[in-house]
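Text of target.cif, listed as mmCIF, C-alpha atoms:
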data_entry
#
loop_
_atom_site.label_atom_id
_atom_site.label_comp_id
_atom_site.auth_asym_id
_atom_site.auth_seq_id
_atom_site.Cartn_x
_atom_site.Cartn_y
_atom_site.Cartn_z
CA MET A 1 0.00 0.00 0.00
CA GLY A 2 2.82 2.38 0.85
CA ALA A 3 4.43 1.75 -2.52
CA VAL A 4 1.17 2.54 -4.30
CA MET A 5 0.74 5.77 -2.35
CA GLY A 6 4.31 6.76 -3.05
CA THR A 7 3.75 6.29 -6.75
CA PHE A 8 0.52 8.27 -6.61
CA SER A 9 2.30 11.11 -4.78
CA SER A 10 5.02 11.23 -7.40
CA LEU A 11 2.39 11.40 -10.16
CA GLN A 12 0.73 14.31 -8.41
CA THR A 13 4.10 16.08 -8.19
CA LYS A 14 4.67 15.55 -11.90
CA GLN A 15 1.22 16.88 -12.73
CA ARG A 16 2.05 20.16 -10.97
CA ARG A 17 5.10 20.62 -13.29
CA PRO A 18 3.82 19.55 -16.73
CA SER A 19 5.84 22.00 -18.82
CA LYS A 20 9.19 20.90 -17.39
CA ASP A 21 8.40 17.20 -17.75
CA ILE A 22 7.19 17.55 -21.34
CA ALA A 23 10.28 19.55 -22.27
CA TRP A 24 12.53 16.93 -20.72
CA TRP A 25 10.84 14.05 -22.49
CA TYR A 26 10.92 15.96 -25.80
CA TYR A 27 14.64 16.53 -25.35
CA GLN A 28 15.18 12.81 -24.67
CA TYR A 29 13.12 11.90 -27.73
CA GLN A 30 15.07 14.24 -30.00
CA ARG A 31 18.42 13.04 -28.64
CA ASP A 32 17.50 9.37 -29.15
CA LYS A 33 16.19 10.14 -32.62
CA ILE A 34 19.46 11.84 -33.61
CA GLU A 35 21.48 8.93 -32.21
CA ASP A 36 19.36 6.42 -34.12
CA GLU A 37 19.73 8.39 -37.36
CA LEU A 38 23.47 8.64 -36.84
CA GLU A 39 23.66 4.89 -36.24
CA MET A 40 21.68 4.26 -39.42
CA THR A 41 24.24 6.19 -41.46
CA MET A 42 27.12 4.24 -39.91
CA VAL A 43 25.69 0.72 -40.15
CA CYS A 44 26.06 -0.83 -43.61
CA HIS A 45 23.96 -3.85 -42.77
CA ARG A 46 21.09 -4.15 -40.35
CA PRO A 47 20.01 -7.63 -39.27
CA GLU A 48 16.68 -9.28 -39.90
CA GLY A 49 13.93 -8.70 -37.35
CA LEU A 50 14.63 -10.26 -33.98
CA GLU A 51 11.33 -12.11 -34.15
CA GLN A 52 12.47 -13.85 -37.33
CA LEU A 53 15.87 -14.71 -35.85
CA GLU A 54 14.18 -15.95 -32.68
CA ALA A 55 12.15 -18.36 -34.83
CA GLN A 56 15.22 -19.50 -36.75
CA THR A 57 17.57 -20.00 -33.78
CA ASN A 58 17.53 -21.39 -30.26
CA PHE A 59 17.93 -17.97 -28.65
CA THR A 60 15.31 -15.81 -26.99
CA LYS A 61 14.65 -12.27 -28.16
CA ARG A 62 16.43 -10.90 -25.08
CA GLU A 63 19.49 -13.07 -25.73
CA LEU A 64 19.56 -11.93 -29.36
CA GLN A 65 19.50 -8.30 -28.22
CA VAL A 66 22.51 -8.91 -25.96
CA LEU A 67 24.37 -10.76 -28.72
CA TYR A 68 23.65 -8.03 -31.25
CA ARG A 69 24.86 -5.33 -28.88
CA GLY A 70 28.17 -7.15 -28.47
CA PHE A 71 28.44 -7.85 -32.21
CA LYS A 72 27.79 -4.20 -33.05
CA ASN A 73 30.38 -3.02 -30.54
CA GLU A 74 33.02 -5.13 -32.27
CA CYS A 75 31.68 -4.54 -35.80
CA PRO A 76 29.94 -1.13 -36.03
CA SER A 77 29.33 -1.58 -39.78
CA GLY A 78 27.06 -4.57 -39.09
CA VAL A 79 29.34 -7.03 -40.91
CA VAL A 80 32.78 -8.46 -40.20
CA ASN A 81 35.39 -9.25 -42.83
CA GLU A 82 38.06 -11.91 -42.48
CA ASP A 83 40.85 -9.57 -41.34
CA THR A 84 38.71 -8.17 -38.54
CA PHE A 85 37.57 -11.68 -37.61
CA LYS A 86 41.21 -12.78 -37.31
CA GLN A 87 42.07 -9.79 -35.14
CA ILE A 88 39.19 -10.53 -32.77
CA TYR A 89 39.99 -14.24 -32.60
CA ALA A 90 43.70 -13.64 -32.00
CA GLN A 91 42.87 -11.91 -28.71
CA PHE A 92 41.75 -15.24 -27.24
CA PHE A 93 45.01 -17.02 -28.14
CA PRO A 94 47.85 -14.56 -27.47
CA HIS A 95 50.51 -17.29 -27.19
CA GLY A 96 49.86 -18.87 -30.57
CA ASP A 97 49.09 -18.05 -34.19
CA ALA A 98 45.32 -18.22 -34.62
CA SER A 99 45.22 -16.73 -38.12
CA THR A 100 44.98 -20.01 -40.07
CA TYR A 101 42.32 -21.55 -37.85
CA ALA A 102 40.42 -18.24 -37.86
CA HIS A 103 40.49 -18.38 -41.67
CA TYR A 104 38.85 -21.81 -41.71
CA LEU A 105 36.39 -20.80 -39.00
CA PHE A 106 35.47 -17.63 -40.87
CA ASN A 107 34.70 -19.68 -43.99
CA ALA A 108 32.45 -21.94 -41.91
CA PHE A 109 30.58 -18.92 -40.49
CA ASP A 110 30.33 -17.37 -43.96
CA ALA A 111 27.79 -19.95 -45.11
CA THR A 112 26.91 -18.07 -48.31
CA GLN A 113 30.58 -17.44 -49.18
CA THR A 114 30.13 -13.66 -49.57
CA GLY A 115 33.46 -12.76 -47.96
CA SER A 116 31.80 -11.22 -44.91
CA VAL A 117 29.89 -12.46 -41.88
CA LYS A 118 26.62 -10.76 -40.97
CA PHE A 119 24.98 -10.93 -37.58
CA GLU A 120 22.52 -13.49 -38.96
CA ASP A 121 25.41 -15.75 -40.03
CA PHE A 122 27.12 -15.35 -36.67
CA VAL A 123 24.08 -16.02 -34.51
CA THR A 124 22.88 -18.96 -36.62
CA ALA A 125 26.23 -20.73 -36.24
CA LEU A 126 26.40 -19.85 -32.54
CA SER A 127 22.93 -21.27 -32.03
CA ILE A 128 24.02 -24.59 -33.51
CA LEU A 129 27.29 -24.75 -31.58
CA LEU A 130 25.75 -23.83 -28.23
CA ARG A 131 22.25 -25.30 -28.38
CA GLY A 132 21.99 -27.45 -31.47
CA THR A 133 21.36 -31.17 -31.45
CA VAL A 134 24.29 -33.58 -31.58
CA HIS A 135 23.72 -34.12 -35.31
CA GLU A 136 23.55 -30.37 -35.97
CA LYS A 137 26.81 -29.74 -34.12
CA LEU A 138 28.58 -32.59 -35.90
CA ARG A 139 27.28 -31.51 -39.32
CA TRP A 140 28.60 -28.00 -38.69
CA THR A 141 31.98 -29.40 -37.59
CA PHE A 142 32.09 -31.62 -40.70
CA ASN A 143 31.55 -28.51 -42.82
CA LEU A 144 34.47 -26.83 -41.04
CA TYR A 145 36.80 -29.75 -41.86
CA ASP A 146 35.51 -29.98 -45.44
CA ILE A 147 37.70 -27.10 -46.58
CA ASN A 148 37.03 -27.36 -50.33
CA LYS A 149 33.28 -27.99 -49.77
CA ASP A 150 33.13 -31.09 -51.96
CA GLY A 151 31.14 -33.08 -49.39
CA TYR A 152 34.07 -35.19 -48.19
CA ILE A 153 37.02 -34.85 -45.82
CA ASN A 154 40.37 -36.12 -47.02
CA LYS A 155 43.43 -36.62 -44.86
CA GLU A 156 45.11 -33.41 -45.99
CA GLU A 157 42.06 -31.34 -45.07
CA MET A 158 41.98 -32.92 -41.64
CA MET A 159 45.72 -32.33 -41.31
CA ASP A 160 45.32 -28.65 -42.24
CA ILE A 161 42.65 -28.09 -39.58
CA VAL A 162 44.44 -30.02 -36.84
CA LYS A 163 47.75 -28.28 -37.53
CA ALA A 164 45.97 -24.91 -37.43
CA ILE A 165 44.55 -25.82 -34.02
CA TYR A 166 48.02 -26.73 -32.70
CA ASP A 167 49.45 -23.48 -34.10
CA MET A 168 46.66 -21.56 -32.39
CA MET A 169 47.32 -23.16 -29.01
CA GLY A 170 50.97 -22.14 -29.28
CA LYS A 171 54.24 -23.48 -27.99
CA TYR A 172 53.26 -23.02 -24.36
CA THR A 173 51.07 -26.12 -24.23
CA TYR A 174 51.88 -28.69 -21.59
CA PRO A 175 53.27 -31.20 -22.07
CA VAL A 176 55.34 -29.77 -24.91
CA LEU A 177 54.23 -31.34 -28.17
CA LYS A 178 56.56 -32.85 -30.72
CA GLU A 179 56.56 -31.47 -34.24
CA ASP A 180 55.03 -34.62 -35.72
CA THR A 181 52.24 -34.87 -33.11
CA PRO A 182 49.52 -33.37 -35.37
CA ARG A 183 50.31 -35.90 -38.11
CA GLN A 184 50.18 -38.78 -35.63
CA HIS A 185 46.81 -37.67 -34.31
CA VAL A 186 45.40 -37.26 -37.82
CA ASP A 187 46.59 -40.73 -38.83
CA VAL A 188 44.78 -42.27 -35.85
CA PHE A 189 41.55 -40.29 -36.30
CA PHE A 190 41.39 -40.68 -40.05
CA GLN A 191 41.97 -44.42 -39.90
CA LYS A 192 39.15 -44.69 -37.40
CA MET A 193 36.73 -42.54 -39.41
CA ASP A 194 37.45 -43.91 -42.88
CA LYS A 195 35.30 -47.00 -42.39
CA ASN A 196 35.56 -48.38 -45.93
CA LYS A 197 39.23 -47.35 -46.39
CA ASP A 198 38.62 -45.39 -49.59
CA GLY A 199 40.78 -42.42 -48.57
CA ILE A 200 37.91 -40.03 -47.78
CA VAL A 201 35.50 -39.53 -44.88
CA THR A 202 31.85 -39.03 -45.73
CA LEU A 203 29.35 -37.22 -43.52
CA ASP A 204 27.80 -40.53 -42.45
CA GLU A 205 31.22 -41.94 -41.53
CA PHE A 206 32.04 -38.77 -39.63
CA LEU A 207 28.75 -38.83 -37.69
CA GLU A 208 29.10 -42.51 -36.82
CA SER A 209 32.73 -42.23 -35.71
CA CYS A 210 32.19 -39.13 -33.57
CA GLN A 211 29.19 -40.63 -31.80
CA GLU A 212 31.26 -43.69 -30.93
CA ASP A 213 33.93 -41.50 -29.28
CA ASP A 214 33.13 -40.58 -25.67
CA ASN A 215 35.66 -37.73 -25.60
CA ILE A 216 34.13 -36.08 -28.66
CA MET A 217 30.61 -36.47 -27.29
CA ARG A 218 31.64 -34.90 -23.98
CA SER A 219 33.30 -31.99 -25.78
CA LEU A 220 30.04 -31.24 -27.59
CA GLN A 221 28.38 -30.56 -24.23
CA LEU A 222 31.04 -28.13 -22.92
CA PHE A 223 29.24 -24.96 -23.98
CA GLN A 224 25.68 -26.23 -23.57
CA ASN A 225 24.89 -23.78 -20.75
CA VAL A 226 27.09 -20.83 -21.74
CA MET A 227 24.09 -18.50 -22.05
#
Target encoding structure tokens, full file:
Amino acid sequence: MGAVMGTFSSLQTKQRRPSKDIAWWYYQYQRDKIEDELEMTMVCHRPEGLEQLEAQTNFTKRELQVLYRGFKNECPSGVVNEDTFKQIYAQFFPHGDASTYAHYLFNAFDATQTGSVKFEDFVTALSILLRGTVHEKLRWTFNLYDINKDGYINKEEMMDIVKAIYDMMGKYTYPVLKEDTPRQHVDVFFQKMDKNKDGIVTLDEFLESCQEDDNIMRSLQLFQNVM
């Protein structure tokens, strides 16, 4: 009851000073309008409606607003090119060279191969990686390893990705890795995944092999509750 009375009292106070309140609100409106117009001139790409993205992803409208705010802070133009993407990614791995892995990751995010990643591209991929089904996450990972996008993974493609990951982690890993460690790991994984021994890994082989590996399945759950 006290809270209601307090609110009523404040409304009465406001009613006794209408001109000042109206002027203040008009000033706020004009300032916000100018800021919005300025933002419109700076942003080259504006994302689809949040309602549409909410329907297409596993994020709520509120989560999408938070994600977009962060994306816009890093990329005021509304899109990110590969160089900017590499610069952002390098901040997370200061002891290694993340440029090659960032290149492959950028191509996976850039689903339409336009040379730039829009907020829609970013949030769609993030939705799969964080909250997608096991099959969705594995399909996305397969696409990352399929560098030339021919629908198969060969040993050299797998080697390129794995080596890029080791380069990104840097020389400060413990225990210190030998130079031929990436090749050894690729040989083991590829032999396991290439079920029919034809020198390539299909999507079905990839899905089957990953789901048989407890370590891989556990890793898919690491970021399940990030947001």
TODO: Mind checking which residues fall within 9 Å of segment 106-113 of chain A, counting only C-alpha atoms, ignoring those fewer than 5 positions away in the same chain, and posting them as a VMD selection string?
DONE: chain A and resid 81 to 82 85 to 86 101 118 121 to 122 124 to 125 140 to 141 143 to 145 147
TODO: Can you work out which one of A:Ser219, A:Thr114, A:Gln52, A:Asn73 has the shortest atom-to-atom distance to Lys137 of chain A, counting only C-alpha atoms?
DONE: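 Comparing A:Ser219, A:Thr114, A:Gln52, A:Asn73 against Lys137 of chain A, the winner is A:Ser219.
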TODO: Find the residues around Tyr89 of chain A up to 12 Å (only C-alpha atoms counted), leave out those fewer than 6 positions away in its own chain, and share them as a PyMOL selection string.
DONE: chain A and resi 74+80+82-83+96-106+168
Open item on the list: I need the output of the PyMOL selection byres ((chain A and resi 201) around 12) for this file as a PyMOL selection string; which residues are they?
Closed with: chain A and resi 142-143+145-146+150-158+189-200+202-210
What does the file look like for those residues with C-alpha atoms, as a compact mmCIF listing (two decimals), in the frame of the given file?
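Result file out-v8.txt:
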# COMPACT_ATOMS: atom_id res chain seq x y z
CA PHE A 142 32.09 -31.62 -40.70
CA ASN A 143 31.55 -28.51 -42.82
CA TYR A 145 36.80 -29.75 -41.86
CA ASP A 146 35.51 -29.98 -45.44
CA ASP A 150 33.13 -31.09 -51.96
CA GLY A 151 31.14 -33.08 -49.39
CA TYR A 152 34.07 -35.19 -48.19
CA ILE A 153 37.02 -34.85 -45.82
CA ASN A 154 40.37 -36.12 -47.02
CA LYS A 155 43.43 -36.62 -44.86
CA GLU A 156 45.11 -33.41 -45.99
CA GLU A 157 42.06 -31.34 -45.07
CA MET A 158 41.98 -32.92 -41.64
CA PHE A 189 41.55 -40.29 -36.30
CA PHE A 190 41.39 -40.68 -40.05
CA GLN A 191 41.97 -44.42 -39.90
CA LYS A 192 39.15 -44.69 -37.40
CA MET A 193 36.73 -42.54 -39.41
CA ASP A 194 37.45 -43.91 -42.88
CA LYS A 195 35.30 -47.00 -42.39
CA ASN A 196 35.56 -48.38 -45.93
CA LYS A 197 39.23 -47.35 -46.39
CA ASP A 198 38.62 -45.39 -49.59
CA GLY A 199 40.78 -42.42 -48.57
CA ILE A 200 37.91 -40.03 -47.78
CA THR A 202 31.85 -39.03 -45.73
CA LEU A 203 29.35 -37.22 -43.52
CA ASP A 204 27.80 -40.53 -42.45
CA GLU A 205 31.22 -41.94 -41.53
CA PHE A 206 32.04 -38.77 -39.63
CA LEU A 207 28.75 -38.83 -37.69
CA GLU A 208 29.10 -42.51 -36.82
CA SER A 209 32.73 -42.23 -35.71
CA CYS A 210 32.19 -39.13 -33.57
Open item on the list: To one decimal place in Å, what is the distance between atom CA of Val186 of chain A and atom CA of Asp213 of chain A?
Closed with: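 Between atom CA of Val186 of chain A and atom CA of Asp213 of chain A the gap is 14.9 Å.
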TODO: For Thr84 of chain A, work out the shell of residues within 10 Å, counting all atoms listed in the file and skipping chain neighbours fewer than 6 positions away, then give it as JSON, numbers by chain.
DONE: {"A": [74, 75, 90, 116]}
TODO: Compare A:Val134, A:Lys61, A:Phe92, A:Val117 by their minimum atom-to-atom distance to Arg218 of chain A, counting all atoms listed in the file, and give me the closest one.
DONE: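 So, comparing all the options, the nearest one is A:Val134.
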Task: Within-12 Å shell of (46.7, -36.3, -33.6) in input frame, all atoms listed in the file, as a PyMOL selection string - done: chain A and resi 155+158-163+165-166+177-192
